[in-house]
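**Q** Sharing model.json here; it has JSON, C-alpha atoms.
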```json
[["chain", "number", "residue", "atom", "x", "y", "z"],
["E", 59, "MET", "CA", 43.90, 132.40, 34.71],
["E", 60, "SER", "CA", 41.01, 130.02, 35.50],
["E", 61, "LEU", "CA", 39.93, 127.15, 33.27],
["E", 62, "HIS", "CA", 36.73, 129.04, 32.40],
["E", 63, "GLN", "CA", 38.75, 132.04, 31.21],
["E", 64, "LEU", "CA", 41.18, 129.80, 29.35],
["E", 65, "LYS", "CA", 38.36, 128.13, 27.40],
["E", 66, "ARG", "CA", 37.90, 131.32, 25.37],
["E", 67, "HIS", "CA", 41.44, 130.91, 24.03],
["E", 68, "PHE", "CA", 41.20, 127.19, 23.22],
["E", 69, "PRO", "CA", 40.37, 127.68, 19.50],
["E", 70, "TRP", "CA", 43.43, 129.75, 18.55],
["E", 71, "ILE", "CA", 45.71, 127.74, 20.86],
["E", 72, "THR", "CA", 44.49, 124.58, 19.12],
["E", 73, "LEU", "CA", 45.11, 126.16, 15.72],
["E", 74, "VAL", "CA", 48.68, 127.18, 16.58],
["E", 75, "VAL", "CA", 49.49, 123.72, 18.00],
["E", 76, "LEU", "CA", 48.09, 121.97, 14.92],
["E", 77, "ILE", "CA", 50.01, 124.21, 12.51],
["E", 78, "LEU", "CA", 53.25, 123.54, 14.39],
["E", 79, "LEU", "CA", 52.59, 119.77, 14.43],
["E", 80, "VAL", "CA", 51.84, 119.60, 10.70],
["E", 81, "GLY", "CA", 54.78, 121.93, 10.04],
["E", 82, "ALA", "CA", 57.03, 119.48, 11.90],
["E", 83, "MET", "CA", 55.83, 116.68, 9.60],
["E", 84, "ASP", "CA", 56.33, 118.79, 6.47],
["E", 85, "PRO", "CA", 58.31, 122.06, 6.78],
["E", 86, "THR", "CA", 56.97, 123.26, 3.40],
["E", 87, "PHE", "CA", 53.50, 123.41, 4.97],
["E", 88, "LEU", "CA", 54.44, 126.62, 6.80],
["E", 89, "ARG", "CA", 55.24, 128.54, 3.63],
["E", 90, "PRO", "CA", 52.87, 131.56, 3.28],
["E", 91, "GLN", "CA", 51.94, 130.56, -0.27],
["E", 92, "ASN", "CA", 51.00, 127.06, 0.88],
["E", 93, "LEU", "CA", 48.86, 128.43, 3.72],
["E", 94, "MET", "CA", 47.04, 130.76, 1.30],
["E", 95, "GLU", "CA", 46.37, 127.84, -1.03],
["E", 96, "LEU", "CA", 44.96, 125.94, 1.94],
["E", 97, "GLY", "CA", 42.64, 128.85, 2.71],
["E", 98, "ALA", "CA", 41.51, 129.10, -0.91],
["E", 99, "ASP", "CA", 40.80, 125.37, -1.02],
["E", 100, "ILE", "CA", 38.50, 125.53, 2.01],
["E", 101, "ALA", "CA", 36.77, 128.78, 0.95],
["E", 102, "PRO", "CA", 33.39, 127.23, -0.05],
["E", 103, "LEU", "CA", 33.22, 125.24, 3.21],
["E", 104, "PHE", "CA", 34.08, 128.39, 5.18],
["E", 105, "ILE", "CA", 31.32, 130.37, 3.44],
["E", 106, "MET", "CA", 28.82, 127.62, 4.26],
["E", 107, "ALA", "CA", 30.01, 127.63, 7.88],
["E", 108, "LEU", "CA", 29.62, 131.43, 8.05],
["E", 109, "GLY", "CA", 25.91, 131.18, 7.36],
["E", 110, "MET", "CA", 25.50, 128.23, 9.70],
["E", 111, "THR", "CA", 27.13, 130.29, 12.44],
["E", 112, "LEU", "CA", 24.20, 132.72, 12.40],
["E", 113, "ALA", "CA", 21.72, 129.87, 12.84],
["E", 114, "ILE", "CA", 23.75, 128.34, 15.70],
["E", 115, "TYR", "CA", 24.29, 131.82, 17.20],
["E", 116, "ILE", "CA", 20.57, 131.98, 18.04],
["E", 117, "GLY", "CA", 20.57, 128.46, 19.50],
["E", 118, "GLY", "CA", 19.33, 126.67, 16.37],
["E", 119, "ILE", "CA", 21.05, 124.67, 13.66],
["E", 120, "ASP", "CA", 20.83, 124.47, 9.87],
["E", 121, "LEU", "CA", 21.12, 120.95, 8.48],
["E", 122, "SER", "CA", 19.91, 122.06, 5.04],
["E", 123, "ALA", "CA", 23.09, 123.99, 4.15],
["E", 124, "GLN", "CA", 24.77, 121.15, 2.27],
["E", 125, "SER", "CA", 21.65, 120.29, 0.27],
["E", 126, "VAL", "CA", 21.03, 123.96, -0.57],
["E", 127, "ALA", "CA", 24.64, 124.25, -1.79],
["E", 128, "ASN", "CA", 24.22, 121.09, -3.89],
["E", 129, "MET", "CA", 20.99, 122.37, -5.39],
["E", 130, "THR", "CA", 22.48, 125.75, -6.27],
["E", 131, "THR", "CA", 25.39, 124.13, -8.13],
["E", 132, "VAL", "CA", 22.77, 122.65, -10.45],
["E", 133, "LEU", "CA", 20.76, 125.89, -10.75],
["E", 134, "ALA", "CA", 23.91, 127.93, -11.38],
["E", 135, "THR", "CA", 25.00, 125.58, -14.17],
["E", 136, "LEU", "CA", 21.57, 125.61, -15.82],
["E", 137, "SER", "CA", 20.97, 129.37, -15.53],
["E", 138, "LEU", "CA", 24.45, 130.58, -16.55],
["E", 139, "PRO", "CA", 23.86, 130.39, -20.36],
["E", 140, "TYR", "CA", 20.68, 132.50, -20.03],
["E", 141, "LEU", "CA", 21.45, 134.94, -17.21],
["E", 142, "GLY", "CA", 25.23, 135.22, -17.21],
["E", 143, "VAL", "CA", 26.51, 136.98, -14.12],
["E", 144, "PHE", "CA", 22.91, 137.65, -13.05],
["E", 145, "SER", "CA", 22.53, 133.94, -12.32],
["E", 146, "ALA", "CA", 24.24, 134.86, -9.01],
["E", 147, "LEU", "CA", 21.16, 136.95, -8.15],
["E", 148, "LEU", "CA", 18.90, 133.96, -8.83],
["E", 149, "ILE", "CA", 21.10, 131.77, -6.65],
["E", 150, "ALA", "CA", 21.00, 134.33, -3.82],
["E", 151, "LEU", "CA", 17.19, 134.59, -3.96],
["E", 152, "VAL", "CA", 16.80, 130.80, -3.97],
["E", 153, "GLY", "CA", 19.13, 130.44, -0.97],
["E", 154, "LEU", "CA", 17.32, 133.19, 0.94],
["E", 155, "SER", "CA", 13.95, 131.59, 0.17],
["E", 156, "PHE", "CA", 14.89, 128.11, 1.33],
["E", 157, "GLY", "CA", 16.47, 129.52, 4.49],
["E", 158, "ALA", "CA", 13.40, 131.65, 5.19],
["E", 159, "VAL", "CA", 11.17, 128.59, 4.79],
["E", 160, "SER", "CA", 13.27, 126.81, 7.44],
["E", 161, "GLY", "CA", 12.84, 129.79, 9.73],
["E", 162, "LEU", "CA", 9.09, 130.01, 9.16],
["E", 163, "VAL", "CA", 8.60, 126.29, 9.80],
["E", 164, "THR", "CA", 10.60, 126.64, 13.03],
["E", 165, "THR", "CA", 8.85, 129.79, 14.29],
["E", 166, "ARG", "CA", 5.28, 129.46, 13.01],
["E", 167, "LEU", "CA", 4.82, 125.70, 13.23],
["E", 168, "LYS", "CA", 7.05, 125.32, 16.33],
["E", 169, "VAL", "CA", 9.08, 122.55, 14.69],
["E", 170, "PRO", "CA", 12.62, 122.17, 16.13],
["E", 171, "SER", "CA", 15.19, 123.64, 13.78],
["E", 172, "PHE", "CA", 17.07, 120.39, 13.23],
["E", 173, "ILE", "CA", 13.85, 118.76, 11.95],
["E", 174, "ALA", "CA", 12.72, 121.81, 9.97],
["E", 175, "THR", "CA", 16.07, 122.28, 8.23],
["E", 176, "LEU", "CA", 16.46, 118.55, 7.62],
["E", 177, "ALA", "CA", 13.08, 118.57, 5.85],
["E", 178, "VAL", "CA", 13.93, 121.70, 3.83],
["E", 179, "GLY", "CA", 17.25, 120.07, 2.95],
["E", 180, "GLY", "CA", 15.34, 117.09, 1.59],
["E", 181, "LEU", "CA", 13.24, 119.47, -0.51],
["E", 182, "ALA", "CA", 16.39, 121.16, -1.85],
["E", 183, "LEU", "CA", 17.88, 117.76, -2.68],
["E", 184, "SER", "CA", 14.75, 116.81, -4.62],
["E", 185, "VAL", "CA", 14.81, 120.09, -6.57],
["E", 186, "GLY", "CA", 18.47, 119.52, -7.44],
["E", 187, "GLN", "CA", 17.83, 115.94, -8.55],
["E", 188, "PHE", "CA", 14.83, 116.92, -10.66],
["E", 189, "ALA", "CA", 16.54, 119.91, -12.30],
["E", 190, "SER", "CA", 19.68, 117.93, -13.11],
["E", 191, "GLY", "CA", 17.96, 114.72, -14.14],
["E", 192, "GLN", "CA", 20.06, 113.04, -11.42],
["E", 193, "ARG", "CA", 23.27, 113.49, -13.42],
["E", 194, "ALA", "CA", 26.33, 115.70, -13.37],
["E", 195, "LEU", "CA", 26.10, 118.87, -15.48],
["E", 196, "HIS", "CA", 28.95, 120.76, -17.10],
["E", 197, "MET", "CA", 29.37, 124.51, -17.51],
["E", 198, "ASP", "CA", 30.41, 126.22, -20.69],
["E", 199, "VAL", "CA", 33.95, 127.30, -19.78],
["E", 200, "ALA", "CA", 33.86, 130.50, -21.85],
["E", 201, "ALA", "CA", 30.55, 131.61, -20.29],
["E", 202, "ARG", "CA", 31.85, 130.74, -16.82],
["E", 203, "ASP", "CA", 35.03, 132.75, -17.28],
["E", 204, "GLN", "CA", 33.14, 135.73, -18.68],
["E", 205, "ALA", "CA", 30.61, 135.82, -15.82],
["E", 206, "PHE", "CA", 32.62, 134.59, -12.85],
["E", 207, "GLY", "CA", 36.26, 134.70, -13.87],
["E", 208, "TRP", "CA", 36.78, 137.37, -11.20],
["E", 209, "MET", "CA", 36.05, 134.74, -8.56],
["E", 210, "PHE", "CA", 39.34, 132.97, -9.30],
["E", 211, "GLY", "CA", 42.87, 133.88, -10.24],
["E", 212, "ARG", "CA", 45.25, 135.96, -8.11],
["E", 213, "THR", "CA", 45.91, 139.56, -7.13],
["E", 214, "ALA", "CA", 49.33, 140.30, -5.62],
["E", 215, "GLY", "CA", 49.72, 136.56, -5.13],
["E", 216, "ILE", "CA", 46.50, 136.26, -3.07],
["E", 217, "PRO", "CA", 43.87, 133.80, -4.41],
["E", 218, "HIS", "CA", 40.58, 135.52, -5.26],
["E", 219, "GLU", "CA", 38.62, 132.79, -3.45],
["E", 220, "LEU", "CA", 40.33, 133.94, -0.26],
["E", 221, "ILE", "CA", 39.48, 137.59, -0.97],
["E", 222, "VAL", "CA", 35.83, 136.73, -1.63],
["E", 223, "SER", "CA", 35.65, 134.68, 1.58],
["E", 224, "LEU", "CA", 37.17, 137.44, 3.69],
["E", 225, "GLY", "CA", 34.80, 139.96, 2.09],
["E", 226, "LEU", "CA", 31.81, 137.81, 3.07],
["E", 227, "LEU", "CA", 33.30, 137.44, 6.55],
["E", 228, "ALA", "CA", 33.46, 141.24, 6.83],
["E", 229, "ILE", "CA", 29.80, 141.51, 5.79],
["E", 230, "ALA", "CA", 28.73, 138.81, 8.26],
["E", 231, "TRP", "CA", 30.78, 140.45, 11.03],
["E", 232, "PHE", "CA", 29.19, 143.84, 10.29],
["E", 233, "ILE", "CA", 25.69, 142.31, 10.46],
["E", 234, "GLN", "CA", 26.50, 140.50, 13.70],
["E", 235, "SER", "CA", 28.36, 143.29, 15.50],
["E", 236, "ARG", "CA", 27.28, 146.62, 14.06],
["E", 237, "THR", "CA", 23.55, 146.29, 13.39],
["E", 238, "THR", "CA", 20.47, 146.11, 15.55],
["E", 239, "ALA", "CA", 19.62, 142.77, 13.95],
["E", 240, "GLY", "CA", 22.98, 141.32, 14.97],
["E", 241, "ARG", "CA", 22.66, 142.47, 18.56],
["E", 242, "THR", "CA", 19.15, 141.04, 18.66],
["E", 243, "LEU", "CA", 20.39, 137.67, 17.37],
["E", 244, "LYS", "CA", 22.88, 137.62, 20.26],
["E", 245, "ALA", "CA", 20.08, 138.43, 22.72],
["E", 246, "VAL", "CA", 17.94, 135.61, 21.30],
["E", 247, "GLY", "CA", 20.80, 133.14, 21.62],
["E", 248, "ALA", "CA", 21.73, 134.28, 25.12],
["E", 249, "GLY", "CA", 18.16, 134.02, 26.42],
["E", 250, "GLU", "CA", 15.17, 133.76, 24.11],
["E", 251, "LEU", "CA", 12.56, 134.02, 26.88],
["E", 252, "ALA", "CA", 14.17, 137.20, 28.19],
["E", 253, "ALA", "CA", 14.25, 138.61, 24.65],
["E", 254, "VAL", "CA", 10.53, 137.88, 24.22],
["E", 255, "ALA", "CA", 9.75, 139.44, 27.61],
["E", 256, "SER", "CA", 11.61, 142.62, 26.59],
["E", 257, "GLY", "CA", 9.31, 143.04, 23.60],
["E", 258, "ILE", "CA", 11.63, 141.86, 20.84],
["E", 259, "ARG", "CA", 9.89, 140.24, 17.86],
["E", 260, "VAL", "CA", 11.99, 137.13, 18.19],
["E", 261, "GLU", "CA", 10.33, 135.16, 15.39],
["E", 262, "ARG", "CA", 11.23, 137.79, 12.79],
["E", 263, "TYR", "CA", 14.91, 137.67, 13.72],
["E", 264, "LYS", "CA", 15.03, 133.90, 13.84],
["E", 265, "VAL", "CA", 13.66, 133.77, 10.29],
["E", 266, "LEU", "CA", 16.33, 136.32, 9.31],
["E", 267, "ALA", "CA", 19.10, 134.12, 10.77],
["E", 268, "PHE", "CA", 17.96, 131.07, 8.82],
["E", 269, "ALA", "CA", 17.44, 133.12, 5.64],
["E", 270, "LEU", "CA", 21.03, 134.40, 5.87],
["E", 271, "SER", "CA", 22.25, 130.86, 6.48],
["E", 272, "GLY", "CA", 20.49, 129.77, 3.29],
["E", 273, "LEU", "CA", 22.01, 132.73, 1.41],
["E", 274, "PHE", "CA", 25.57, 131.86, 2.45],
["E", 275, "ALA", "CA", 24.99, 128.18, 1.62],
["E", 276, "ALA", "CA", 23.82, 129.22, -1.86],
["E", 277, "ILE", "CA", 26.92, 131.40, -2.36],
["E", 278, "ALA", "CA", 29.07, 128.44, -1.29],
["E", 279, "GLY", "CA", 27.25, 126.34, -3.88],
["E", 280, "LEU", "CA", 27.91, 128.96, -6.55],
["E", 281, "MET", "CA", 31.63, 128.92, -5.72],
["E", 282, "PHE", "CA", 31.65, 125.10, -5.82],
["E", 283, "SER", "CA", 29.96, 125.17, -9.22],
["E", 284, "VAL", "CA", 32.25, 127.77, -10.77],
["E", 285, "LYS", "CA", 35.38, 126.22, -9.27],
["E", 286, "LEU", "CA", 34.53, 122.73, -10.57],
["E", 287, "SER", "CA", 32.89, 124.01, -13.77],
["E", 288, "GLY", "CA", 29.62, 122.15, -13.31],
["E", 289, "GLY", "CA", 26.84, 121.10, -11.01],
["E", 290, "SER", "CA", 25.45, 118.00, -9.37],
["E", 291, "PRO", "CA", 22.95, 117.24, -6.58],
["E", 292, "THR", "CA", 25.89, 115.65, -4.70],
["E", 293, "LEU", "CA", 28.74, 118.04, -5.57],
["E", 294, "ALA", "CA", 29.13, 119.41, -2.00],
["E", 295, "GLU", "CA", 28.56, 116.04, -0.34],
["E", 296, "GLY", "CA", 30.58, 115.52, 2.81],
["E", 297, "PHE", "CA", 30.87, 119.21, 3.73],
["E", 298, "LEU", "CA", 28.04, 119.47, 6.28],
["E", 299, "LEU", "CA", 29.86, 117.78, 9.15],
["E", 300, "PRO", "CA", 33.15, 119.75, 8.73],
["E", 301, "ALA", "CA", 31.15, 123.00, 8.47],
["E", 302, "ILE", "CA", 29.38, 122.31, 11.77],
["E", 303, "VAL", "CA", 32.70, 121.32, 13.32],
["E", 304, "ALA", "CA", 34.23, 124.62, 12.13],
["E", 305, "VAL", "CA", 31.49, 126.58, 13.89],
["E", 306, "LEU", "CA", 31.61, 124.64, 17.16],
["E", 307, "VAL", "CA", 35.39, 124.23, 17.40],
["E", 308, "GLY", "CA", 35.69, 127.95, 16.70],
["E", 309, "GLY", "CA", 33.80, 128.66, 19.90],
["E", 310, "THR", "CA", 30.13, 129.16, 18.99],
["E", 311, "PRO", "CA", 28.24, 126.61, 21.11],
["E", 312, "LEU", "CA", 24.97, 124.95, 20.09],
["E", 313, "THR", "CA", 23.22, 126.85, 22.89],
["E", 314, "GLY", "CA", 24.08, 130.13, 21.13],
["E", 315, "GLY", "CA", 24.60, 133.63, 22.47],
["E", 316, "VAL", "CA", 28.42, 133.67, 22.34],
["E", 317, "GLY", "CA", 31.08, 133.29, 19.68],
["E", 318, "GLY", "CA", 30.27, 134.41, 16.17],
["E", 319, "VAL", "CA", 31.60, 134.57, 12.64],
["E", 320, "VAL", "CA", 35.18, 135.58, 13.52],
["E", 321, "ASN", "CA", 35.38, 132.47, 15.72],
["E", 322, "THR", "CA", 34.26, 130.44, 12.71],
["E", 323, "LEU", "CA", 37.26, 131.72, 10.75],
["E", 324, "ILE", "CA", 39.53, 130.13, 13.36],
["E", 325, "GLY", "CA", 37.40, 126.96, 13.37],
["E", 326, "ALA", "CA", 37.55, 126.70, 9.57],
["E", 327, "MET", "CA", 41.33, 127.07, 9.67],
["E", 328, "ILE", "CA", 41.49, 124.27, 12.24],
["E", 329, "VAL", "CA", 39.41, 122.07, 9.93],
["E", 330, "ALA", "CA", 41.66, 122.97, 6.98],
["E", 331, "VAL", "CA", 44.84, 122.08, 8.89],
["E", 332, "VAL", "CA", 43.31, 118.81, 10.13],
["E", 333, "ARG", "CA", 42.27, 117.85, 6.60],
["E", 334, "ALA", "CA", 45.74, 118.67, 5.31],
["E", 335, "SER", "CA", 47.37, 116.56, 8.02],
["E", 336, "MET", "CA", 45.11, 113.64, 7.10],
["E", 337, "LEU", "CA", 46.26, 113.90, 3.50],
["E", 338, "TYR", "CA", 49.87, 113.77, 4.66],
["E", 339, "LEU", "CA", 49.04, 110.67, 6.71],
["E", 340, "ASN", "CA", 47.11, 109.08, 3.78],
["E", 341, "ILE", "CA", 43.90, 108.74, 5.82],
["E", 342, "PRO", "CA", 40.94, 107.91, 3.50],
["E", 343, "ALA", "CA", 37.79, 110.05, 3.27],
["E", 344, "THR", "CA", 35.80, 107.62, 5.44],
["E", 345, "GLY", "CA", 38.40, 107.95, 8.18],
["E", 346, "GLN", "CA", 38.17, 111.74, 7.95],
["E", 347, "GLN", "CA", 34.40, 111.62, 8.50],
["E", 348, "ILE", "CA", 34.90, 109.39, 11.56],
["E", 349, "PHE", "CA", 37.46, 111.82, 12.95],
["E", 350, "PHE", "CA", 35.23, 114.87, 12.39],
["E", 351, "GLY", "CA", 32.35, 113.00, 14.04],
["E", 352, "ILE", "CA", 34.47, 112.43, 17.13],
["E", 353, "VAL", "CA", 35.64, 116.06, 17.11],
["E", 354, "LEU", "CA", 32.01, 117.19, 16.84],
["E", 355, "ILE", "CA", 31.03, 115.24, 19.96],
["E", 356, "VAL", "CA", 34.02, 116.57, 21.90],
["E", 357, "ALA", "CA", 33.38, 120.14, 20.75],
["E", 358, "ILE", "CA", 29.74, 120.00, 21.83],
["E", 359, "ALA", "CA", 30.66, 118.48, 25.19],
["E", 360, "LEU", "CA", 33.25, 121.21, 25.87],
["E", 361, "THR", "CA", 31.36, 124.28, 24.61],
["E", 362, "ILE", "CA", 27.70, 123.70, 25.41],
["E", 363, "ASP", "CA", 26.17, 125.87, 28.14],
["E", 364, "ARG", "CA", 24.59, 123.34, 30.47],
["E", 365, "SER", "CA", 22.78, 126.05, 32.43],
["E", 366, "LYS", "CA", 20.49, 126.34, 29.39],
["E", 367, "MET", "CA", 20.10, 122.56, 29.02],
["E", 368, "ARG", "CA", 19.68, 121.01, 32.45],
["E", 369, "ILE", "CA", 17.93, 118.01, 30.88],
["E", 370, "VAL", "CA", 19.21, 116.33, 27.69],
["E", 371, "LYS", "CA", 16.67, 114.33, 25.69]]
```
So that I can check it, write out the structure of this file as structure tokens.
**A**
Amino acid sequence: MSLHQLKRHFPWITLVVLILLVGAMDPTFLRPQNLMELGADIAPLFIMALGMTLAIYIGGIDLSAQSVANMTTVLATLSLPYLGVFSALLIALVGLSFGAVSGLVTTRLKVPSFIATLAVGGLALSVGQFASGQRALHMDVAARDQAFGWMFGRTAGIPHELIVSLGLLAIAWFIQSRTTAGRTLKAVGAGELAAVASGIRVERYKVLAFALSGLFAAIAGLMFSVKLSGGSPTLAEGFLLPAIVAVLVGGTPLTGGVGGVVNTLIGAMIVAVVRASMLYLNIPATGQQIFFGIVLIVAIALTIDRSKMRIVK
């Protein structure tokens, strides 16, 4: 097997090696119940990474995901007493709208996606700060349990956060692999100029990818808010970098066209195991960010398709 063929298997090989290493440090880590708890703990980050995968799949990137998630924690907390479970619909529409704005700025104004999403993220941050009065908000526990109690708890020993995450993964996989839109997103990522030449309305599908990214970021924010029983414009702070790492380490390169949401599941599990190992080693949060920054650089260097980027600026 050549190195090029082996690269496709790097993500799951890395995951297995990491699990064995952490298991050697702490044998209790390998218990099924412990692994499920680890998956439940990283569920909001995984959901955010799922949406970001679709943006990276087309060769773009969504830097607004963290800010959108932060904003929706505030909106979910404020709207819950009035809308109950229907506050989830409001959150979904807000996430879709902010994502669509990113896509429209990128396609209509020809602004690179990292600038467009960074600007939209700043807008989301401002909305969150204004709505919250720049303070932490607290949910009414009874109203939270009545509207979103199904999001937590256990069924047959499996955490509901894990079930919700896998359900969203199934939806994202269906969109990516079993719909015309998903196949078109792959074509755009593999070669946008060729897709345009074949008559595909590329701009429409790029807006769709960013809108879905915003939707998943908003759902992640809702889960954050319900899980922590409140909202804040900084509640999901520190999750953007690990989410990007989960996508890239999973095997979806920044140049797009290959990989996908199933790869992100493996990448998110790698991130979860790495974070757990850092807790065992008592590495502070600042050290974790440094590590993920290094991993991000290495992941980009190893996965990027240089035939699409002969010149780096």
**Q** So that I can see what lies close to Thr111 in chain E, please list as a list in words the residues with an atom at most 9 Å from it, counting only C-alpha atoms and leaving out residues fewer than 6 positions away in the same chain.
**A**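 The neighbour list is Ile119, Asp120, Ser271, Ile302, Val305, Leu306, Thr310, Gly317, Gly318, Val319 and Thr322 of chain E.
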**Q** Given only C-alpha atoms as the basis, pick out the residue of E:Phe274, E:Tyr338, E:Phe104, E:Phe350 nearest to Phe156 in chain E.
**A**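 For Phe156 in chain E, the nearest of the candidates is E:Phe274.
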**Q** Within 7 Å of (45.9, 126.6, 14.1), in the coordinates the file gives, what residues turn up when you count only C-alpha atoms, written out as a PyMOL selection string?
**A** chain E and resi 70-77+327-328+331
**Q** At a cut-off of 12 Å, using all atoms listed in the file, what residues contact range 167-179 of chain E? Leave out same-chain residues fewer than 5 positions from it and give the result as a PDB file with C-alpha atoms, keeping the file's coordinate frame.
**A**
```pdb
ATOM      1  CA  MET E 110      25.500 128.230   9.700  1.00  0.00           C
ATOM      2  CA  ALA E 113      21.720 129.870  12.840  1.00  0.00           C
ATOM      3  CA  ILE E 114      23.750 128.340  15.700  1.00  0.00           C
ATOM      4  CA  ILE E 116      20.570 131.980  18.040  1.00  0.00           C
ATOM      5  CA  GLY E 117      20.570 128.460  19.500  1.00  0.00           C
ATOM      6  CA  GLY E 118      19.330 126.670  16.370  1.00  0.00           C
ATOM      7  CA  ILE E 119      21.050 124.670  13.660  1.00  0.00           C
ATOM      8  CA  ASP E 120      20.830 124.470   9.870  1.00  0.00           C
ATOM      9  CA  LEU E 121      21.120 120.950   8.480  1.00  0.00           C
ATOM     10  CA  SER E 122      19.910 122.060   5.040  1.00  0.00           C
ATOM     11  CA  ALA E 123      23.090 123.990   4.150  1.00  0.00           C
ATOM     12  CA  GLN E 124      24.770 121.150   2.270  1.00  0.00           C
ATOM     13  CA  SER E 125      21.650 120.290   0.270  1.00  0.00           C
ATOM     14  CA  VAL E 126      21.030 123.960  -0.570  1.00  0.00           C
ATOM     15  CA  ALA E 127      24.640 124.250  -1.790  1.00  0.00           C
ATOM     16  CA  ASN E 128      24.220 121.090  -3.890  1.00  0.00           C
ATOM     17  CA  MET E 129      20.990 122.370  -5.390  1.00  0.00           C
ATOM     18  CA  GLY E 153      19.130 130.440  -0.970  1.00  0.00           C
ATOM     19  CA  SER E 155      13.950 131.590   0.170  1.00  0.00           C
ATOM     20  CA  PHE E 156      14.890 128.110   1.330  1.00  0.00           C
ATOM     21  CA  GLY E 157      16.470 129.520   4.490  1.00  0.00           C
ATOM     22  CA  ALA E 158      13.400 131.650   5.190  1.00  0.00           C
ATOM     23  CA  VAL E 159      11.170 128.590   4.790  1.00  0.00           C
ATOM     24  CA  SER E 160      13.270 126.810   7.440  1.00  0.00           C
ATOM     25  CA  GLY E 161      12.840 129.790   9.730  1.00  0.00           C
ATOM     26  CA  LEU E 162       9.090 130.010   9.160  1.00  0.00           C
ATOM     27  CA  SER E 184      14.750 116.810  -4.620  1.00  0.00           C
ATOM     28  CA  VAL E 185      14.810 120.090  -6.570  1.00  0.00           C
ATOM     29  CA  GLY E 186      18.470 119.520  -7.440  1.00  0.00           C
ATOM     30  CA  GLU E 261      10.330 135.160  15.390  1.00  0.00           C
ATOM     31  CA  LYS E 264      15.030 133.900  13.840  1.00  0.00           C
ATOM     32  CA  VAL E 265      13.660 133.770  10.290  1.00  0.00           C
ATOM     33  CA  ALA E 267      19.100 134.120  10.770  1.00  0.00           C
ATOM     34  CA  PHE E 268      17.960 131.070   8.820  1.00  0.00           C
ATOM     35  CA  ALA E 269      17.440 133.120   5.640  1.00  0.00           C
ATOM     36  CA  SER E 271      22.250 130.860   6.480  1.00  0.00           C
ATOM     37  CA  GLY E 272      20.490 129.770   3.290  1.00  0.00           C
ATOM     38  CA  ALA E 275      24.990 128.180   1.620  1.00  0.00           C
ATOM     39  CA  PRO E 291      22.950 117.240  -6.580  1.00  0.00           C
ATOM     40  CA  LEU E 298      28.040 119.470   6.280  1.00  0.00           C
ATOM     41  CA  LEU E 312      24.970 124.950  20.090  1.00  0.00           C
TER      42      LEU E 312
END
```
**Q** Range 160-271 of chain E near range 85-93 of chain E within 10 Å: what's each residue's closest atom pair and its distance in Å to one decimal, counting only C-alpha atoms, ordered by chain then ascending residue number, as JSON lines?
**A**
```
{"residue": "E:Gly215", "atom": "CA", "partner": "E:Gln91", "partner_atom": "CA", "distance": 8.0}
{"residue": "E:Ile216", "atom": "CA", "partner": "E:Gln91", "partner_atom": "CA", "distance": 8.4}
{"residue": "E:Pro217", "atom": "CA", "partner": "E:Gln91", "partner_atom": "CA", "distance": 9.6}
```
**Q** Give me the residues near Ile348 in chain E as number ranges by chain, where near means some atom within 12 Å (using all atoms listed in the file) and where sequence neighbours in that chain fewer than 6 positions away do not count.
**A** E: 296, 299-300, 336, 341-342, 354-355
**Q** Using all atoms listed in the file, find the one residue out of E:Asn321, E:Thr344, E:Gln187, E:Thr242 that sits nearest to Val307 in chain E.
**A**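 Using all atoms listed in the file, the shortest distance to Val307 in chain E belongs to E:Asn321.
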**Q** One number please: CA of Ala330 in chain E to CA of Gly97 in chain E, in Å, one decimal.
**A**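 Calculated distance between CA of Ala330 in chain E and CA of Gly97 in chain E is 7.3 Å.
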**Q** Work out how far apart CA of Ile221 in chain E and CA of Leu183 in chain E are and give it in Å to one decimal.
**A**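 Separation between CA of Ile221 in chain E and CA of Leu183 in chain E: 29.4 Å.
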**Q** Leaving out Ala101 in chain E and any residue of its chain fewer than 5 positions from it, which residues lie within 7 Å of it when counting all atoms listed in the file, given as an NGL selection string?
**A** :E and (219-220 or 223)
**Q** Here is a test: counting all atoms listed in the file, which residue of E:Ile352, E:Ala276, E:Leu136, E:Val163 is nearest to Ala150 in chain E?
**A** E:Ala276
**Q** Using only C-alpha atoms, find the one residue out of E:Ala214, E:Ala301, E:Leu151, E:Met209 that sits nearest to Gly325 in chain E.
**A**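 Comparing E:Ala214, E:Ala301, E:Leu151, E:Met209 against Gly325 in chain E, the winner is E:Ala301.
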**Q** Quick one: pull the distance between CA of Gly142 in chain E and CA of Ala201 in chain E, Å, one decimal.
**A**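 CA of Ala201 in chain E lies 7.1 Å from CA of Gly142 in chain E.
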